[in-house]
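*Asks:* As input, take run.txt (compact mmCIF, C-alpha atoms and all ligand atoms):
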# COMPACT_ATOMS: atom_id res chain seq x y z
CA MET A 23 4.09 45.44 35.81
CA GLU A 24 2.61 42.40 34.13
CA VAL A 25 3.25 39.14 35.90
CA GLU A 26 3.47 36.12 33.65
CA THR A 27 1.59 33.19 35.04
CA PRO A 28 3.59 30.00 34.43
CA ARG A 29 1.87 27.77 31.81
CA THR A 30 0.67 24.55 33.29
CA PRO A 31 1.42 21.74 30.82
CA SER A 32 -1.91 20.50 29.43
CA LYS A 33 -2.86 17.06 30.67
CA PRO A 34 -2.86 14.43 27.93
CA GLU A 35 -6.26 13.09 26.88
CA HIS A 36 -6.52 9.42 27.84
CA HIS A 37 -8.28 6.64 25.92
CA GLN A 38 -8.36 2.91 26.52
CA VAL A 39 -7.39 2.30 22.90
CA ILE A 40 -5.90 4.74 20.40
CA ILE A 41 -5.73 3.77 16.75
CA ILE A 42 -3.51 5.63 14.32
CA GLY A 43 -5.17 5.75 10.90
CA ALA A 44 -8.76 5.43 9.67
CA GLY A 45 -8.06 3.00 6.82
CA PRO A 46 -10.06 -0.26 6.58
CA GLY A 47 -7.83 -1.80 9.27
CA GLY A 48 -8.23 1.03 11.80
CA THR A 49 -11.98 1.48 11.39
CA THR A 50 -12.70 -2.27 11.51
CA CYS A 51 -10.67 -2.55 14.70
CA ALA A 52 -12.42 0.47 16.20
CA ARG A 53 -15.87 -0.92 15.43
CA ARG A 54 -15.12 -4.32 16.98
CA LEU A 55 -13.82 -2.64 20.17
CA ALA A 56 -16.58 -0.03 20.41
CA GLU A 57 -19.28 -2.70 20.07
CA LYS A 58 -17.87 -4.16 23.30
CA GLY A 59 -18.17 -0.79 25.03
CA ILE A 60 -14.43 -0.09 24.92
CA ASP A 61 -13.37 3.57 24.74
CA VAL A 62 -11.59 3.96 21.42
CA LEU A 63 -10.26 6.97 19.52
CA ILE A 64 -8.94 6.99 15.95
CA ILE A 65 -6.48 9.74 15.02
CA GLU A 66 -6.48 10.27 11.24
CA ARG A 67 -4.08 12.51 9.35
CA ARG A 68 -6.38 13.14 6.40
CA ASP A 69 -9.11 15.79 6.48
CA VAL A 70 -11.45 13.46 4.58
CA ILE A 71 -11.27 9.74 5.33
CA GLY A 72 -10.30 7.73 2.23
CA ASN A 73 -9.18 10.75 0.22
CA PRO A 74 -6.99 10.43 -1.80
CA ALA A 75 -7.82 6.81 -2.63
CA GLN A 76 -4.23 5.43 -3.05
CA CYS A 77 -5.70 2.16 -4.30
CA GLY A 78 -6.70 0.18 -7.38
CA GLU A 79 -10.14 -0.05 -5.75
CA CYS A 80 -10.69 -3.77 -6.32
CA ILE A 81 -12.55 -4.78 -3.16
CA PRO A 82 -12.90 -8.49 -2.34
CA ASN A 83 -16.20 -10.17 -1.48
CA TRP A 84 -16.36 -12.76 1.30
CA GLY A 85 -16.07 -15.61 -1.21
CA GLU A 86 -12.70 -14.29 -2.39
CA VAL A 87 -11.54 -13.77 1.20
CA ILE A 88 -12.29 -17.31 2.41
CA GLY A 89 -10.92 -18.71 -0.86
CA THR A 90 -7.55 -17.18 0.03
CA PHE A 91 -7.34 -17.15 3.83
CA ARG A 92 -7.85 -19.93 6.38
CA GLY A 93 -9.93 -20.69 9.42
CA ILE A 94 -12.38 -17.77 9.19
CA ASP A 95 -15.27 -19.43 7.32
CA ASP A 96 -17.26 -19.58 10.58
CA HIS A 97 -16.30 -16.15 11.87
CA ASP A 98 -19.75 -14.54 11.78
CA TRP A 99 -18.60 -11.04 12.69
CA LEU A 100 -16.07 -10.96 9.84
CA LYS A 101 -18.50 -12.58 7.44
CA LYS A 102 -21.05 -9.82 8.15
CA SER A 103 -18.33 -7.18 7.81
CA PHE A 104 -17.69 -8.33 4.23
CA ASP A 105 -21.39 -8.21 3.39
CA PHE A 106 -21.15 -4.81 1.74
CA PRO A 107 -24.23 -2.85 0.65
CA ASP A 108 -24.96 -2.82 -3.07
CA TYR A 109 -24.45 0.92 -3.43
CA LEU A 110 -20.70 0.41 -2.83
CA LYS A 111 -20.45 -2.10 -5.67
CA ASN A 112 -20.03 -0.02 -8.80
CA HIS A 113 -18.86 -2.87 -11.00
CA HIS A 114 -18.83 -6.63 -10.35
CA LEU A 115 -15.41 -8.10 -11.03
CA ASP A 116 -16.08 -11.73 -11.92
CA ASN A 117 -13.04 -12.25 -14.12
CA MET A 118 -9.39 -11.34 -14.18
CA ARG A 119 -7.31 -11.38 -17.37
CA VAL A 120 -3.52 -11.49 -17.16
CA PHE A 121 -1.83 -10.17 -20.32
CA LEU A 122 1.62 -11.28 -21.46
CA PRO A 123 3.93 -8.83 -23.29
CA SER A 124 2.73 -10.25 -26.67
CA GLY A 125 -0.91 -9.44 -25.87
CA LYS A 126 -1.89 -13.09 -25.26
CA HIS A 127 -3.85 -13.47 -22.05
CA TYR A 128 -5.01 -16.04 -19.50
CA SER A 129 -8.21 -15.48 -17.56
CA PHE A 130 -9.73 -16.82 -14.36
CA LYS A 131 -12.59 -16.18 -11.98
CA LEU A 132 -12.68 -13.52 -9.30
CA ASP A 133 -15.22 -12.61 -6.59
CA ALA A 134 -14.75 -8.87 -6.08
CA PHE A 135 -16.05 -5.48 -7.13
CA GLY A 136 -14.72 -2.14 -8.28
CA GLY A 137 -15.75 0.72 -6.00
CA HIS A 138 -14.66 4.12 -4.77
CA ARG A 139 -12.29 3.90 -1.81
CA LEU A 140 -13.51 7.29 -0.63
CA GLN A 141 -17.02 5.86 -0.32
CA PHE A 142 -15.81 2.47 0.98
CA ASP A 143 -13.53 3.88 3.70
CA GLY A 144 -16.27 6.38 4.64
CA TYR A 145 -18.78 3.54 4.98
CA LEU A 146 -16.46 1.60 7.34
CA ALA A 147 -15.76 4.76 9.35
CA ASP A 148 -19.51 5.43 9.73
CA LEU A 149 -20.01 1.91 11.11
CA ALA A 150 -17.25 2.51 13.67
CA VAL A 151 -18.78 5.82 14.77
CA GLU A 152 -22.26 4.28 14.97
CA ALA A 153 -20.78 1.62 17.27
CA GLY A 154 -19.43 4.35 19.57
CA ALA A 155 -15.85 4.96 18.36
CA LYS A 156 -14.54 8.52 18.12
CA ILE A 157 -12.55 9.74 15.13
CA LYS A 158 -10.48 12.90 14.94
CA THR A 159 -9.54 13.86 11.37
CA GLY A 160 -6.96 16.33 10.09
CA GLU A 161 -4.64 15.39 12.96
CA ALA A 162 -1.42 13.41 12.47
CA LEU A 163 0.67 11.54 15.00
CA THR A 164 4.04 13.28 14.90
CA LYS A 165 5.97 12.11 17.96
CA ILE A 166 5.93 9.39 20.60
CA GLN A 167 7.45 10.60 23.84
CA GLN A 168 8.88 7.98 26.17
CA LYS A 169 8.50 8.97 29.79
CA LYS A 170 10.78 7.86 32.62
CA ASP A 171 8.04 5.76 34.19
CA GLY A 172 7.75 3.76 30.96
CA THR A 173 4.50 5.36 29.72
CA GLU A 174 4.29 6.91 26.29
CA VAL A 175 2.68 10.19 25.26
CA LEU A 176 1.46 10.68 21.71
CA HIS A 177 1.98 14.15 20.24
CA THR A 178 0.04 15.30 17.21
CA SER A 179 0.21 17.96 14.53
CA LEU A 180 -2.52 19.91 16.38
CA ARG A 181 -0.26 19.98 19.46
CA ASN A 182 -2.57 17.65 21.30
CA LYS A 183 -1.25 14.97 23.64
CA TYR A 184 -2.73 11.56 24.29
CA THR A 185 -2.07 8.58 26.50
CA PHE A 186 -3.52 5.10 26.08
CA ASP A 187 -3.73 1.60 27.50
CA TYR A 188 -3.36 0.02 24.04
CA LEU A 189 -2.07 1.51 20.79
CA ILE A 190 -2.93 0.22 17.31
CA ASP A 191 -0.72 1.07 14.35
CA GLY A 192 -3.12 1.25 11.40
CA SER A 193 -1.10 3.99 9.70
CA GLY A 194 -0.49 2.05 6.50
CA ALA A 195 2.57 1.20 4.42
CA LEU A 196 5.13 3.28 6.28
CA GLY A 197 4.31 1.95 9.75
CA HIS A 198 4.55 5.27 11.56
CA VAL A 199 4.23 3.99 15.14
CA ALA A 200 7.29 1.73 14.77
CA ARG A 201 9.12 4.52 12.91
CA LEU A 202 8.40 7.13 15.59
CA ARG A 203 9.37 4.67 18.30
CA GLY A 204 12.70 4.30 16.50
CA ARG A 205 12.28 0.54 16.06
CA ASP A 206 14.55 -1.48 13.77
CA GLU A 207 13.34 -1.26 10.15
CA LYS A 208 14.14 -4.90 9.44
CA THR A 209 12.16 -6.34 12.32
CA HIS A 210 9.34 -3.90 13.03
CA ARG A 211 8.43 -2.17 9.77
CA PRO A 212 7.05 -3.23 6.39
CA SER A 213 9.68 -3.63 3.68
CA ASP A 214 10.21 -3.70 -0.11
CA GLN A 215 8.12 -0.56 -0.63
CA VAL A 216 6.98 -0.59 -4.26
CA PRO A 217 6.22 2.86 -5.73
CA THR A 218 2.92 2.97 -7.61
CA ALA A 219 0.97 5.49 -9.66
CA TYR A 220 -2.74 5.27 -10.33
CA ALA A 221 -5.31 7.33 -12.22
CA GLN A 222 -9.05 7.66 -12.50
CA VAL A 223 -9.78 7.44 -16.22
CA THR A 224 -12.70 7.53 -18.58
CA GLY A 225 -12.95 5.94 -22.02
CA ASN A 226 -13.69 2.57 -23.55
CA ILE A 227 -13.33 0.48 -20.40
CA PRO A 228 -13.13 -3.35 -20.39
CA GLU A 229 -15.55 -5.43 -18.28
CA THR A 230 -12.76 -7.42 -16.60
CA PHE A 231 -9.96 -6.69 -14.12
CA ASP A 232 -6.98 -6.64 -16.51
CA VAL A 233 -3.37 -7.08 -15.46
CA PHE A 234 -0.38 -6.45 -17.76
CA LEU A 235 3.07 -7.95 -17.20
CA GLY A 236 6.40 -7.17 -18.88
CA SER A 237 8.27 -3.96 -19.69
CA VAL A 238 5.14 -1.88 -19.11
CA ALA A 239 5.98 -2.31 -15.38
CA PRO A 240 9.30 -4.14 -14.90
CA MET A 241 9.18 -6.43 -11.82
CA GLY A 242 5.61 -5.35 -11.21
CA TYR A 243 2.41 -4.96 -13.16
CA ALA A 244 -0.06 -2.51 -14.64
CA TRP A 245 -3.81 -2.77 -14.06
CA ILE A 246 -7.14 -1.62 -15.41
CA ILE A 247 -9.94 -2.02 -12.86
CA PRO A 248 -13.41 -1.01 -14.10
CA LYS A 249 -15.47 0.82 -11.51
CA GLY A 250 -18.60 1.81 -13.36
CA PRO A 251 -19.79 2.84 -16.80
CA ASN A 252 -16.88 4.44 -18.68
CA LEU A 253 -14.83 4.73 -15.52
CA ALA A 254 -11.77 2.78 -14.38
CA ASN A 255 -8.86 2.87 -11.99
CA VAL A 256 -5.66 2.38 -14.00
CA GLY A 257 -2.28 2.06 -12.37
CA LEU A 258 1.12 0.50 -12.29
CA GLY A 259 3.72 -0.44 -9.76
CA SER A 260 7.28 -1.45 -10.33
CA ARG A 261 9.93 -2.64 -7.92
CA GLY A 262 11.72 0.34 -6.33
CA GLY A 263 14.30 1.88 -8.68
CA LYS A 264 13.19 0.02 -11.81
CA LEU A 265 11.42 3.04 -13.29
CA GLY A 266 13.32 5.68 -11.30
CA ASP A 267 11.15 8.78 -10.96
CA ASN A 268 9.19 7.88 -14.07
CA VAL A 269 6.30 5.87 -12.61
CA LYS A 270 3.74 8.58 -13.41
CA GLU A 271 5.14 9.19 -16.93
CA LYS A 272 4.96 5.46 -17.62
CA LEU A 273 1.34 5.41 -16.43
CA ILE A 274 0.43 8.35 -18.68
CA GLU A 275 2.01 6.45 -21.63
CA PHE A 276 0.07 3.32 -20.67
CA CYS A 277 -3.25 5.23 -20.54
CA ALA A 278 -2.50 6.81 -23.93
CA GLN A 279 -2.25 3.31 -25.50
CA PHE A 280 -5.94 2.82 -24.67
CA ASP A 281 -7.01 6.39 -25.45
CA PHE A 282 -8.10 6.83 -21.83
CA GLU A 283 -8.71 10.35 -20.61
CA ILE A 284 -7.08 10.90 -17.22
CA LEU A 285 -9.36 12.60 -14.70
CA SER A 286 -6.96 12.56 -11.75
CA ILE A 287 -3.65 10.97 -10.91
CA GLY A 288 -1.89 9.99 -7.69
CA GLY A 289 0.75 7.75 -6.17
CA GLY A 290 1.37 5.52 -3.17
CA TRP A 291 3.52 2.79 -1.70
CA ILE A 292 2.73 -0.91 -1.44
CA PRO A 293 4.85 -2.87 1.05
CA MET A 294 5.64 -6.10 -0.78
CA GLY A 295 8.26 -7.55 1.59
CA GLY A 296 5.94 -9.83 3.55
CA MET A 297 4.80 -9.96 7.16
CA VAL A 298 6.57 -7.80 9.75
CA LYS A 299 8.49 -9.90 12.27
CA HIS A 300 7.33 -8.11 15.44
CA MET A 301 3.71 -7.00 15.02
CA VAL A 302 3.09 -6.93 18.77
CA ASP A 303 5.38 -4.52 20.59
CA GLY A 304 4.55 -4.15 24.29
CA ASN A 305 1.02 -2.76 24.43
CA SER A 306 0.85 -1.88 20.74
CA ILE A 307 -0.26 -3.95 17.74
CA ALA A 308 0.42 -3.31 14.05
CA ILE A 309 -2.40 -4.13 11.63
CA GLY A 310 -2.93 -4.08 7.86
CA ASP A 311 -0.17 -2.53 5.77
CA ALA A 312 1.71 -1.40 8.88
CA ALA A 313 2.13 -5.11 9.70
CA GLY A 314 3.22 -5.95 6.12
CA LEU A 315 0.03 -7.94 5.46
CA VAL A 316 -0.22 -7.14 1.74
CA MET A 317 -0.24 -10.00 -0.80
CA PRO A 318 3.17 -9.49 -2.42
CA SER A 319 2.20 -11.20 -5.68
CA ASN A 320 -0.73 -8.88 -6.40
CA GLY A 321 -0.61 -5.90 -4.00
CA GLY A 322 -4.06 -6.54 -2.49
CA GLY A 323 -4.37 -5.61 1.18
CA ILE A 324 -7.92 -4.46 2.00
CA SER A 325 -9.16 -7.83 3.28
CA GLN A 326 -6.07 -8.46 5.41
CA ALA A 327 -6.37 -4.94 6.90
CA MET A 328 -9.97 -5.64 7.93
CA ILE A 329 -9.24 -9.15 9.24
CA SER A 330 -6.18 -8.04 11.20
CA GLY A 331 -8.11 -5.05 12.61
CA CYS A 332 -10.73 -7.48 13.88
CA PHE A 333 -8.08 -9.88 15.30
CA ALA A 334 -6.27 -7.02 17.07
CA ALA A 335 -9.53 -5.90 18.67
CA GLU A 336 -10.32 -9.47 19.79
CA SER A 337 -6.84 -9.82 21.32
CA ILE A 338 -7.36 -6.61 23.32
CA ILE A 339 -10.80 -7.82 24.45
CA GLU A 340 -9.29 -11.18 25.54
CA ASN A 341 -6.50 -9.34 27.35
CA LEU A 342 -9.04 -7.21 29.24
CA ASP A 343 -11.37 -10.15 29.96
CA ASN A 344 -8.94 -12.82 31.07
CA ASN A 345 -5.44 -11.37 30.82
CA SER A 346 -4.55 -13.38 27.70
CA PRO A 347 -1.29 -12.03 26.26
CA LEU A 348 -1.52 -9.71 23.24
CA THR A 349 0.80 -12.08 21.42
CA GLY A 350 -2.35 -14.13 20.80
CA TYR A 351 -2.84 -11.65 17.93
CA ARG A 352 0.19 -13.04 16.13
CA LYS A 353 -1.11 -16.59 16.51
CA LYS A 354 -4.45 -15.60 14.94
CA ILE A 355 -2.66 -13.87 12.05
CA ASP A 356 -0.34 -16.82 11.47
CA SER A 357 -3.07 -19.43 11.38
CA CYS A 358 -5.15 -17.35 8.97
CA MET A 359 -2.61 -15.71 6.67
CA LYS A 360 0.92 -16.98 7.17
CA ALA A 361 0.81 -19.71 4.52
CA PRO A 362 -1.01 -17.73 1.78
CA LEU A 363 1.16 -14.66 2.32
CA ARG A 364 4.32 -16.78 2.31
CA ASN A 365 3.21 -18.41 -0.96
CA SER A 366 2.46 -14.99 -2.39
CA LEU A 367 5.90 -13.74 -1.32
CA ARG A 368 7.57 -16.71 -3.01
CA SER A 369 5.65 -16.06 -6.22
CA LYS A 370 6.77 -12.44 -6.16
CA GLU A 371 10.39 -13.46 -5.55
CA MET A 372 10.16 -15.95 -8.40
CA GLY A 373 8.85 -13.12 -10.59
CA TYR A 374 11.69 -10.81 -9.54
CA ALA A 375 14.27 -13.52 -10.27
CA LEU A 376 12.93 -14.81 -13.58
CA MET A 377 10.81 -12.20 -15.32
CA ARG A 378 13.56 -10.01 -16.72
CA GLY A 379 12.73 -8.42 -20.05
CA ASN A 380 9.76 -9.07 -22.32
CA LEU A 381 11.12 -12.21 -24.01
CA LEU A 382 11.93 -14.08 -20.82
CA THR A 383 8.66 -12.92 -19.20
CA GLU A 384 6.71 -14.17 -22.23
CA ILE A 385 8.46 -17.57 -22.23
CA ILE A 386 7.98 -18.13 -18.50
CA LEU A 387 4.34 -17.09 -18.51
CA ARG A 388 3.62 -19.25 -21.58
CA ILE A 389 4.93 -22.22 -19.58
CA LEU A 390 3.12 -21.28 -16.34
CA GLY A 391 -0.13 -19.98 -17.85
CA PRO A 392 -1.64 -23.19 -19.26
CA ILE A 393 -0.85 -25.17 -16.10
CA GLY A 394 -2.42 -22.58 -13.78
CA GLY A 395 0.81 -21.02 -12.49
CA ILE A 396 -0.31 -17.41 -12.99
CA LYS A 397 -3.66 -18.06 -11.31
CA ARG A 398 -1.89 -19.71 -8.37
CA ALA A 399 0.41 -16.69 -7.95
CA MET A 400 -2.51 -14.23 -8.01
CA GLU A 401 -4.52 -16.36 -5.57
CA CYS A 402 -1.60 -16.89 -3.14
CA HIS A 403 -1.40 -20.66 -3.62
CA ARG A 404 1.90 -22.44 -3.46
CA PRO A 405 3.96 -21.62 -6.59
CA LEU A 406 4.06 -24.57 -9.04
CA TRP A 407 7.83 -25.00 -8.83
CA LEU A 408 7.46 -25.76 -5.10
CA LEU A 409 4.75 -28.40 -5.43
C1 LIG A 501 -1.77 2.23 -5.74
C2 LIG A 501 -2.32 1.15 -4.84
C3 LIG A 501 -3.26 0.27 -5.33
C4 LIG A 501 -3.83 -0.71 -4.49
N1 LIG A 501 -4.84 -1.48 -4.99
C5 LIG A 501 -5.47 -2.34 -4.15
C6 LIG A 501 -6.62 -3.05 -4.60
O1 LIG A 501 -7.11 -2.83 -5.72
N2 LIG A 501 -7.21 -3.93 -3.74
C7 LIG A 501 -6.71 -4.15 -2.48
O2 LIG A 501 -7.26 -5.01 -1.75
N3 LIG A 501 -5.63 -3.47 -2.04
C8 LIG A 501 -5.02 -2.55 -2.83
N4 LIG A 501 -3.96 -1.80 -2.36
C9 LIG A 501 -3.54 -2.01 -0.97
C10 LIG A 501 -4.56 -1.37 -0.01
O3 LIG A 501 -4.81 -0.03 -0.39
C11 LIG A 501 -4.01 -1.42 1.41
O4 LIG A 501 -3.54 -2.73 1.67
C12 LIG A 501 -5.07 -1.04 2.45
O5 LIG A 501 -5.55 0.25 2.24
C13 LIG A 501 -4.44 -1.17 3.83
O6 LIG A 501 -5.35 -0.69 4.79
P1 LIG A 501 -4.78 -0.10 6.16
O7 LIG A 501 -5.98 0.24 6.96
O8 LIG A 501 -3.74 -0.99 6.71
O9 LIG A 501 -3.99 1.24 5.74
P2 LIG A 501 -4.42 2.48 4.87
O10 LIG A 501 -5.63 2.22 4.06
O11 LIG A 501 -3.19 2.91 4.14
O12 LIG A 501 -4.81 3.57 5.95
C14 LIG A 501 -3.83 4.17 6.75
C15 LIG A 501 -4.41 5.47 7.28
O13 LIG A 501 -3.50 6.01 8.24
C16 LIG A 501 -3.42 7.41 8.05
N5 LIG A 501 -2.14 7.86 8.60
C17 LIG A 501 -0.90 7.63 8.09
N6 LIG A 501 0.02 8.20 8.89
C18 LIG A 501 -0.65 8.80 9.90
C19 LIG A 501 -0.24 9.57 11.03
N7 LIG A 501 1.05 9.85 11.27
N8 LIG A 501 -1.18 10.03 11.88
C20 LIG A 501 -2.51 9.78 11.65
N9 LIG A 501 -2.95 9.06 10.57
C21 LIG A 501 -2.04 8.58 9.73
C22 LIG A 501 -3.54 7.57 6.54
O14 LIG A 501 -3.93 8.89 6.19
C23 LIG A 501 -4.57 6.51 6.18
O15 LIG A 501 -5.88 7.02 6.20
C24 LIG A 501 -3.38 -0.83 -3.16
C25 LIG A 501 -2.41 0.03 -2.67
C26 LIG A 501 -1.89 1.04 -3.48
C27 LIG A 501 -0.87 2.00 -2.92
In structure tokens, how does this file's structure come out?

*Replies:*
Amino acid sequence: MEVETPRTPSKPEHHQVIIIGAGPGGTTCARRLAEKGIDVLIIERRDVIGNPAQCGECIPNWGEVIGTFRGIDDHDWLKKSFDFPDYLKNHHLDNMRVFLPSGKHYSFKLDAFGGHRLQFDGYLADLAVEAGAKIKTGEALTKIQQKKDGTEVLHTSLRNKYTFDYLIDGSGALGHVARLRGRDEKTHRPSDQVPTAYAQVTGNIPETFDVFLGSVAPMGYAWIIPKGPNLANVGLGSRGGKLGDNVKEKLIEFCAQFDFEILSIGGGWIPMGGMVKHMVDGNSIAIGDAAGLVMPSNGGGISQAMISGCFAAESIIENLDNNSPLTGYRKKIDSCMKAPLRNSLRSKEMGYALMRGNLLTEIILRILGPIGGIKRAMECHRPLWLL
């Protein structure tokens, strides 16, 4: 007779810090922690970091970052982090043109570049690994088990279990840590999720980052972002429900207008509802998109993901060194980003309220354009009507 030996439950693997997601936020956080000798593991759902891109692939240079956000001009570590190697910079983006429904446009300066997110995210991940962080790919967080003694156990798609001292939610737009913890959507998770579609295209590509407003993307915008000779990232996003299930069809139509050949197509969500109310939740911290740190007026979020990843790491280091509360993270975020992101949110709300239909959009933009109103909205300055 065979005797079954009772299975002993496998002991969870413990790390000082576990980060969910190897986006720019997660890998920047991991690098900052690992450089201080802290034991950090990233759990990443994707098999290949950065793939698919789910991005317009406009990556800001340091000049753009300090032109938008506050109090970080002297932050040497961040400054160095934004000093990207030339091989990542496929196309310099020095100018942005914003097109009205009539085809008239306003242009202004930009300090960014078009790159491949696959390459960019891979570069940031390599830096984290070089610093000593561990990354497990092809493994998704699926459940957070609350134990009676108050500890939490992370369960993953590979049936692994993990425990941690600190948990970072770098899982992007849908904020999976807060979702799996069953936290209130209104207070703990990013909101106003805007559906987007994007494509890699080839054809006669402009030199500038072009944005198109009006019925092409109601309550949103379409973009063409050059990322090398004859190659661009083209996409559009429209407030939830405005295009129903037709976001991809609308993008295909948009590409056809320019005779672009579509090489690949994808979709993603951009949380445009502004900063999450509770980013620090016990011993966990939400960063990047999971904390709602996207600029609602233009959808950009790479720089905020990297900055918040760095701030989260510094708050953990301060907590370990001198017991400073993790809520210090929120203070750092507020002093750097609260005002620009609030301005950006107001601009977006103004756009939602006023830019209804091509005629009204044209009239409003013709009033705002010459006095710098469009530029202010894109750069997260205070909207003109509030000055
Ligand atoms: C279509 C589109 C265009 C955009 N264009 C631009 C742009 O041009 N410039 C710009 O600055 N910003 C742009 N953004 C926003 C930008 O992509 C994000 O703000 C940025 O990637 C946020 O970084 P993050 O690290 O917070 O999250 P992400 O980059 O989203 O990374 C999250 C990671 O977590 C992983 N993950 C998710 N769930 C789990 C789980 N359960 N377990 C394990 N891992 C998980 C994901 O696979 C992903 O790798 C765009 C967004 C979209 C959708």

*Asks:* Counting all atoms listed in the file, figure out which residue out of A:Asp311, A:Asp232, A:Glu57, A:Asp191 gets nearest to Ala334 (chain A).

*Replies:*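 Closest candidate: A:Asp191.
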
*Asks:* Report the distance between CA of Thr224 (chain A) and CA of His138 (chain A) in Å, rounded to one decimal place.

*Replies:*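 Atom-to-atom, CA of Thr224 (chain A) and CA of His138 (chain A) are spaced 14.4 Å apart.
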
*Asks:* Please find the residues contacting ligand LIG 501 (chain A) at a distance of at most 7 Å between atoms, with all atoms listed in the file counted, and report them as a count of residues only.

*Replies:* 48

*Asks:* From the list A:Leu273, A:Ile227, A:Ile284, A:Met301, which residue is nearest Arg211 (chain A) when using only C-alpha atoms?

*Replies:*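 Using only C-alpha atoms, Arg211 (chain A) sits closest to A:Met301.
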
*Asks:* Can you tell me how far CA of Gly204 (chain A) sits from CA of His177 (chain A), in Å to one decimal?

*Replies:*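 Between these atoms lies a distance of 15.0 Å.
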
*Asks:* Tell me, in Å to one decimal, how far CA of Val87 (chain A) is from CA of Tyr351 (chain A).

*Replies:*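 Calculated distance between CA of Val87 (chain A) and CA of Tyr351 (chain A) is 19.0 Å.
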